[in-house]
Amino acid sequence: MTSAAVLEDYRPALTGHCYRMLGSVMDADDAVQETMFRAWKGLDRFAERSSMKTWLYRIATNVCLDHLKSRPSRIQPFDVGPAGHVDDEIRLRPRESWVEPIPDALIIPADADPAEQLLLRESIRLAFVAALQHLPPRQRAVLLLTQVLNWSAAETADALDMTVAAVNSALQRARATLATRDLGSTTAGELTPEQHGLLTSYVDAFERYDVPALTRLLRDDVVMNMPPLELWLQGPEPIAAWFLGHGIGCKGSRLVPTRACGAPAFGQYRDGGAQPWGLVVLDLRDDRIAGMTTFLDVETLFPRFGLPMRLDG
């Protein structure tokens, strides 16, 4: 196997790591490309004092840290202000402002054992990745290397040119910060029969545009947000008012299932499939929907998810 092929074997794992660091599938792709370039140039100096995988993760982590020196961390609408109202002024921020979703298929090998698939899905949950963006970059790196990749404090210190004491201190501060964030629920594992039924009911209600039936599927504390819009709504009643007001153009939509950030997701097409509209990522808690995040940047995201820009028929 050529050296280039050996490096490519690690692309899915490195993409997942860079996504957790950067909160963006596009930025993760760029970071992995830079990692591969640096690794290719340094192959003749790779002394095998560590494993290839460890060496590549070290390069990728430092590529991400370099990236974060010049760009602010990505956010979610919840970080902009309190829940809004359906008649609020609609404000947008650039695509680069927001945490993006990532396709499960991009980083989770189809032949991985169920336990590994579960761990990988857990590590890319939207709420977890968004919470990571609130950590300073080095704390973020320390947390991911030690808690997700299971590196020792000594290995992490070596990779980041830190002392072991500094690593342990950064890890403690990172854990304290994450403890203050709502990390949502766990929908990364196999869905229960009740949750499969919930998704079937969601698609049926949405495509029929039966708003009362749709809102009966929502938790009382459900939240809905639509990056790049700053607005976010909380509660079934405001969400129903949105669908019957500003969102009425969603009537006649079709939904195509996929998986994003370890959770059920759908490509949404308006006008019976003629207009790509958004990527909907759901947060399920027990037998209700706790969150609906619709990413409207279809030009960027649909190709990444293998979704067509138009549905036929």
# chains A, B, ... in the order shown; residues from 1 in each chain; ligands from 1

call {"tool": "residues_around", "arguments": {"residues": "range 103-119 of chain A", "least_positions_apart": "6", "cutoff": "7 Å", "atoms": "only C-alpha atoms", "output": "list in words"}}
result
Pro12, Ala13, Thr15, Gly16, Ala188, Gly189, Arg259, Ala260, Cys261, Gly262 and Phe305 of chain A

call {"tool": "write_last_selection", "arguments": {"atoms": "N, CA, C and O atoms", "output": "compact mmCIF listing (two decimals), in the first residue's frame"}}
result
# COMPACT_ATOMS: atom_id res chain seq x y z
N PRO A 12 -11.47 9.51 7.66
CA PRO A 12 -12.71 9.62 8.42
C PRO A 12 -12.50 9.99 9.89
O PRO A 12 -13.19 10.87 10.43
N ALA A 13 -11.54 9.34 10.54
CA ALA A 13 -11.29 9.63 11.95
C ALA A 13 -10.79 11.05 12.14
O ALA A 13 -11.21 11.76 13.08
N THR A 15 -11.37 13.58 10.16
CA THR A 15 -12.48 14.49 9.87
C THR A 15 -13.36 14.67 11.09
O THR A 15 -13.78 15.78 11.43
N GLY A 16 -13.66 13.57 11.78
CA GLY A 16 -14.45 13.66 13.00
C GLY A 16 -13.76 14.51 14.06
O GLY A 16 -14.39 15.35 14.71
N ALA A 188 -28.02 8.96 19.83
CA ALA A 188 -26.97 8.42 18.98
C ALA A 188 -27.06 6.91 18.82
O ALA A 188 -26.51 6.35 17.88
N GLY A 189 -27.74 6.24 19.73
CA GLY A 189 -27.86 4.80 19.63
C GLY A 189 -29.01 4.38 18.74
O GLY A 189 -29.57 5.17 17.98
N ARG A 259 -28.92 11.00 8.19
CA ARG A 259 -28.42 11.05 9.57
C ARG A 259 -27.39 12.17 9.66
O ARG A 259 -26.52 12.30 8.81
N ALA A 260 -27.50 12.98 10.71
CA ALA A 260 -26.55 14.08 10.93
C ALA A 260 -26.24 14.17 12.40
O ALA A 260 -27.13 14.09 13.25
N CYS A 261 -24.96 14.31 12.72
CA CYS A 261 -24.55 14.49 14.12
C CYS A 261 -25.10 13.39 15.02
O CYS A 261 -25.51 13.64 16.15
N GLY A 262 -25.13 12.17 14.51
CA GLY A 262 -25.59 11.05 15.30
C GLY A 262 -27.07 11.03 15.56
O GLY A 262 -27.54 10.28 16.42
N PHE A 305 -24.25 15.81 2.11
CA PHE A 305 -25.11 14.73 2.57
C PHE A 305 -25.61 13.85 1.44
O PHE A 305 -26.42 12.95 1.66

call {"tool": "residues_around", "arguments": {"residues": "Arg181 in chain A", "least_positions_apart": "2", "cutoff": "9 Å", "atoms": "only C-alpha atoms", "output": "PyMOL selection string"}}
result
chain A and resi 127-128+131+177-179+183-184

call {"tool": "closest_residue", "arguments": {"among": "A:Ala290, A:Tyr19, A:Val142, A:Thr35", "to": "Asp161 in chain A", "atoms": "only C-alpha atoms"}}
result
A:Val142

call {"tool": "closest_atom_pairs", "arguments": {"of": "range 216-261 of chain A", "to": "range 89-93 of chain A", "cutoff": "10 Å", "atoms": "only C-alpha atoms", "output": "JSON lines"}}
result
{"residue": "A:Met226", "atom": "CA", "partner": "A:Leu92", "partner_atom": "CA", "distance": 9.8}
{"residue": "A:Pro227", "atom": "CA", "partner": "A:Leu92", "partner_atom": "CA", "distance": 7.8}
{"residue": "A:Pro228", "atom": "CA", "partner": "A:Leu92", "partner_atom": "CA", "distance": 5.3}
{"residue": "A:Leu229", "atom": "CA", "partner": "A:Leu92", "partner_atom": "CA", "distance": 4.5}
{"residue": "A:Glu230", "atom": "CA", "partner": "A:Arg91", "partner_atom": "CA", "distance": 5.7}
{"residue": "A:Leu231", "atom": "CA", "partner": "A:Ile90", "partner_atom": "CA", "distance": 6.8}

call {"tool": "select_by_dssp", "arguments": {"residues": "range 35-252 of chain A", "states": "alpha helix (DSSP H)", "output": "ChimeraX atom specification"}}
result
/A:35-42,52-70,104-107,114-123,126-132,137-143,153-160,164-179,193-208,211-215,236-244

call {"tool": "select_by_dssp", "arguments": {"residues": "range 160-240 of chain A", "states": "strand (DSSP E or B)", "output": "MDAnalysis selection string"}}
result
chainID A and resid 218:225 229 232:234
